[in-house]
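*Asks:* Please find one structure pasted underneath; my questions will follow.
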Amino acid sequence: MSHRARRPSAVRVDDIASLFSALGDGTRLKLVSTLSAGGAMSITQLTAGSGHTRQAVTKHLGVLSSAGLVRGEKSGRERLWKFEPDALTKARHSLDHIAAQWDEALERLRRAVEE
């Protein structure tokens with residue numbers, strides 16, 4: 001396979017790297033979990049009982065938004081944040097693809113050892 005044929009796959013991996021990076025932070029992972037279970041929420045709702053300032057939560061939501069995991073929508077005087085499940089679906093597909101590649105590599109290794 002030529003370098004050119006592999007390039008689109010590499011681009012996909014680069015595209016989801018920010019998603020995995022965003023999920024690598026405990027606070028952001030908790031925000032995603034909260035939003036995925038509770039629907040749209042305001043900064044006030046997301047900071048209540050979290051031990052984090054509104055400013056810190058806003059910064060984390062910005063990272064999550066850049067990664068495509070959440071989306072903020074203006075509702076009156078406040079912004080409501082919603083979970084975007086499509087981003088996690090892309091991540092899951094990427095991990096499934098990587099797992100399949102590993103399975104294929106291990107199968108080739110098993111055959112080579114048995115020969």
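To be explicit about the labels: the chains of the structure tokens are called A, B, and onward in the order shown, and within each one the residues are counted from 1, while ligands get numbers from 1 in the order they are shown.
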Name the residues in contact with stretch 81-88 of chain A at a cut-off of 10 Å, using only C-alpha atoms, excluding same-chain residues fewer than 4 positions from it; report them as a ChimeraX atom specification.

*Replies:* /A:16,19-20,23,31-43,46,61,64-65,67-75,92-94

*Asks:* DSSP on the backbone: what in stretch 25-112 of chain A comes out strand (DSSP E or B), as a compact mmCIF listing (two decimals) with N, CA, C and O atoms, in the first residue's frame?

*Replies:*
# COMPACT_ATOMS: atom_id res chain seq x y z
N MET A 41 -27.41 21.83 30.28
CA MET A 41 -27.23 22.44 31.59
C MET A 41 -26.48 23.76 31.45
O MET A 41 -25.67 23.93 30.55
N SER A 42 -26.73 24.65 32.40
CA SER A 42 -26.04 25.94 32.43
C SER A 42 -24.74 25.80 33.22
O SER A 42 -24.51 24.81 33.92
N VAL A 70 -19.14 18.73 23.23
CA VAL A 70 -20.27 19.49 23.76
C VAL A 70 -20.53 20.68 22.84
O VAL A 70 -19.67 21.08 22.05
N ARG A 71 -21.72 21.22 23.00
CA ARG A 71 -22.09 22.40 22.21
C ARG A 71 -22.87 23.33 23.13
O ARG A 71 -23.76 22.90 23.87
N GLY A 72 -22.51 24.61 23.10
CA GLY A 72 -23.22 25.61 23.89
C GLY A 72 -24.21 26.35 23.02
O GLY A 72 -23.91 26.71 21.89
N GLU A 73 -25.41 26.56 23.56
CA GLU A 73 -26.45 27.31 22.85
C GLU A 73 -26.99 28.38 23.77
O GLU A 73 -27.26 28.13 24.94
N LYS A 74 -27.14 29.57 23.23
CA LYS A 74 -27.68 30.68 23.99
C LYS A 74 -29.16 30.43 24.25
O LYS A 74 -29.92 30.07 23.35
N SER A 75 -29.57 30.60 25.49
CA SER A 75 -30.96 30.47 25.89
C SER A 75 -31.28 31.62 26.82
O SER A 75 -30.95 31.58 28.01
N GLU A 78 -28.49 33.12 29.39
CA GLU A 78 -27.44 32.15 29.71
C GLU A 78 -27.18 31.21 28.54
O GLU A 78 -27.92 31.16 27.57
N ARG A 79 -26.11 30.49 28.67
CA ARG A 79 -25.74 29.49 27.65
C ARG A 79 -25.97 28.12 28.25
O ARG A 79 -25.54 27.82 29.37
N LEU A 80 -26.68 27.28 27.50
CA LEU A 80 -26.90 25.90 27.92
C LEU A 80 -25.96 25.01 27.14
O LEU A 80 -25.80 25.14 25.93
N TRP A 81 -25.34 24.07 27.86
CA TRP A 81 -24.36 23.16 27.25
C TRP A 81 -24.99 21.80 27.08
O TRP A 81 -25.66 21.28 27.97
N LYS A 82 -24.76 21.21 25.89
CA LYS A 82 -25.32 19.91 25.55
C LYS A 82 -24.20 18.96 25.12
O LYS A 82 -23.24 19.38 24.50
N PHE A 83 -24.38 17.71 25.44
CA PHE A 83 -23.47 16.65 25.03
C PHE A 83 -23.71 16.33 23.56
O PHE A 83 -24.85 16.29 23.10

*Asks:* Set the distance at 12 Å and use only C-alpha atoms: which residues neighbour A:His52 once local chain neighbours fewer than 4 positions away are removed? I'd like the list as a VMD selection string.

*Replies:* chain A and resid 27 to 28 30 to 31 43 to 48 56 to 60

*Asks:* Would you mind exporting the chosen residues as a CSV table (one decimal), in the first residue's frame, restricted to all heavy atoms?

*Replies:*
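Ended up saving to again29.csv:
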chain,number,residue,atom,x,y,z
A,27,THR,N,-11.7,16.3,35.2
A,27,THR,CA,-12.8,17.3,35.3
A,27,THR,C,-13.6,17.3,34.0
A,27,THR,O,-14.9,17.3,34.0
A,27,THR,CB,-12.2,18.7,35.5
A,27,THR,OG1,-11.5,18.7,36.8
A,27,THR,CG2,-13.3,19.7,35.6
A,28,ARG,N,-13.0,17.3,32.8
A,28,ARG,CA,-13.7,17.3,31.6
A,28,ARG,C,-14.5,16.0,31.4
A,28,ARG,O,-15.6,16.0,30.9
A,28,ARG,CB,-12.7,17.5,30.4
A,28,ARG,CG,-12.2,19.0,30.4
A,28,ARG,CD,-11.5,19.3,29.2
A,28,ARG,NE,-10.2,18.7,28.9
A,28,ARG,CZ,-9.1,19.2,29.3
A,28,ARG,NH1,-9.0,20.4,29.9
A,28,ARG,NH2,-8.0,18.5,29.1
A,30,LYS,N,-15.7,14.2,33.7
A,30,LYS,CA,-16.9,14.3,34.6
A,30,LYS,C,-18.0,15.2,34.0
A,30,LYS,O,-19.2,14.9,34.0
A,30,LYS,CB,-16.5,14.8,36.0
A,30,LYS,CG,-17.7,14.8,36.9
A,30,LYS,CD,-17.2,15.0,38.3
A,30,LYS,CE,-18.5,15.0,39.2
A,30,LYS,NZ,-18.2,15.0,40.6
A,31,LEU,N,-17.6,16.3,33.3
A,31,LEU,CA,-18.5,17.2,32.7
A,31,LEU,C,-19.3,16.5,31.6
A,31,LEU,O,-20.5,16.6,31.4
A,31,LEU,CB,-17.8,18.4,32.1
A,31,LEU,CG,-17.4,19.5,33.2
A,31,LEU,CD1,-16.5,20.5,32.5
A,31,LEU,CD2,-18.6,20.1,33.8
A,43,ILE,N,-23.9,26.8,33.1
A,43,ILE,CA,-22.7,26.9,33.9
A,43,ILE,C,-23.0,26.8,35.4
A,43,ILE,O,-22.3,26.1,36.1
A,43,ILE,CB,-21.9,28.2,33.6
A,43,ILE,CG1,-21.4,28.2,32.1
A,43,ILE,CG2,-20.7,28.3,34.5
A,43,ILE,CD1,-20.3,27.2,31.9
A,44,THR,N,-24.0,27.5,35.8
A,44,THR,CA,-24.4,27.4,37.2
A,44,THR,C,-24.7,26.0,37.7
A,44,THR,O,-24.3,25.6,38.7
A,44,THR,CB,-25.6,28.4,37.4
A,44,THR,OG1,-25.3,29.7,37.0
A,44,THR,CG2,-26.1,28.4,38.9
A,45,GLN,N,-25.5,25.3,36.9
A,45,GLN,CA,-25.8,23.9,37.2
A,45,GLN,C,-24.6,23.0,37.2
A,45,GLN,O,-24.4,22.1,38.0
A,45,GLN,CB,-26.8,23.4,36.2
A,45,GLN,CG,-28.2,24.0,36.3
A,45,GLN,CD,-29.1,23.6,35.2
A,45,GLN,OE1,-28.7,23.7,34.0
A,45,GLN,NE2,-30.3,23.3,35.5
A,46,LEU,N,-23.7,23.3,36.2
A,46,LEU,CA,-22.5,22.4,36.1
A,46,LEU,C,-21.5,22.7,37.2
A,46,LEU,O,-20.7,21.8,37.6
A,46,LEU,CB,-21.8,22.6,34.8
A,46,LEU,CG,-22.6,22.0,33.6
A,46,LEU,CD1,-22.1,22.5,32.3
A,46,LEU,CD2,-22.6,20.5,33.6
A,47,THR,N,-21.4,23.9,37.8
A,47,THR,CA,-20.5,24.2,38.8
A,47,THR,C,-21.0,23.9,40.2
A,47,THR,O,-20.2,23.7,41.1
A,47,THR,CB,-20.1,25.7,38.8
A,47,THR,OG1,-21.2,26.5,38.9
A,47,THR,CG2,-19.3,26.0,37.6
A,48,ALA,N,-22.3,23.8,40.4
A,48,ALA,CA,-22.9,23.5,41.7
A,48,ALA,C,-22.4,22.2,42.3
A,48,ALA,O,-22.4,21.1,41.7
A,48,ALA,CB,-24.4,23.4,41.6
A,56,ALA,N,-13.3,28.2,35.6
A,56,ALA,CA,-12.6,26.9,35.3
A,56,ALA,C,-13.5,26.0,34.5
A,56,ALA,O,-13.0,25.4,33.5
A,56,ALA,CB,-12.2,26.2,36.6
A,57,VAL,N,-14.8,25.9,34.9
A,57,VAL,CA,-15.7,25.1,34.1
A,57,VAL,C,-15.9,25.6,32.7
A,57,VAL,O,-15.9,24.8,31.7
A,57,VAL,CB,-17.0,24.9,34.9
A,57,VAL,CG1,-18.1,24.2,34.0
A,57,VAL,CG2,-16.9,24.2,36.2
A,58,THR,N,-16.0,26.9,32.6
A,58,THR,CA,-16.1,27.5,31.2
A,58,THR,C,-14.9,27.2,30.4
A,58,THR,O,-15.0,26.8,29.2
A,58,THR,CB,-16.2,29.0,31.3
A,58,THR,OG1,-17.4,29.3,32.1
A,58,THR,CG2,-16.3,29.7,30.0
A,59,LYS,N,-13.7,27.2,31.0
A,59,LYS,CA,-12.5,26.9,30.2
A,59,LYS,C,-12.5,25.4,29.8
A,59,LYS,O,-12.2,25.1,28.6
A,59,LYS,CB,-11.3,27.1,31.1
A,59,LYS,CG,-9.9,26.9,30.4
A,59,LYS,CD,-8.8,27.3,31.2
A,59,LYS,CE,-7.5,27.0,30.5
A,59,LYS,NZ,-6.3,27.4,31.3
A,60,HIS,N,-12.9,24.5,30.7
A,60,HIS,CA,-13.0,23.1,30.3
A,60,HIS,C,-14.1,22.8,29.2
A,60,HIS,O,-13.8,22.0,28.3
A,60,HIS,CB,-13.4,22.2,31.6
A,60,HIS,CG,-12.2,22.1,32.5
A,60,HIS,ND1,-11.1,21.4,32.2
A,60,HIS,CD2,-12.0,22.4,33.8
A,60,HIS,CE1,-10.2,21.4,33.2
A,60,HIS,NE2,-10.8,22.0,34.2

*Asks:* So which residues of chain A fall under helix (DSSP H, G or I) by DSSP, listed as a count of residues only?

*Replies:* 82

*Asks:* Which residue, A:Arg108, A:Glu114, A:Ala22, A:Asp96, has the smallest gap to A:Gly62 when you use only C-alpha atoms?

*Replies:*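 Nearest candidate to A:Gly62 out of A:Arg108, A:Glu114, A:Ala22, A:Asp96: A:Ala22.
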
*Asks:* So how far away is atom CA of A:Ser66 from atom CA of A:Ser21, in Å?

*Replies:*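 Interatomic distance, atom CA of A:Ser21 to atom CA of A:Ser66: 11.0 Å.
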
*Asks:* Do you have the atom CA of A:His97-atom CA of A:Asp25 distance handy?

*Replies:*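 Those two atoms sit 23.7 Å apart.
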
*Asks:* One decimal, in Å: what's the spacing between atom CA of A:Gly76 and atom CA of A:Leu29?

*Replies:* 27.2 Å
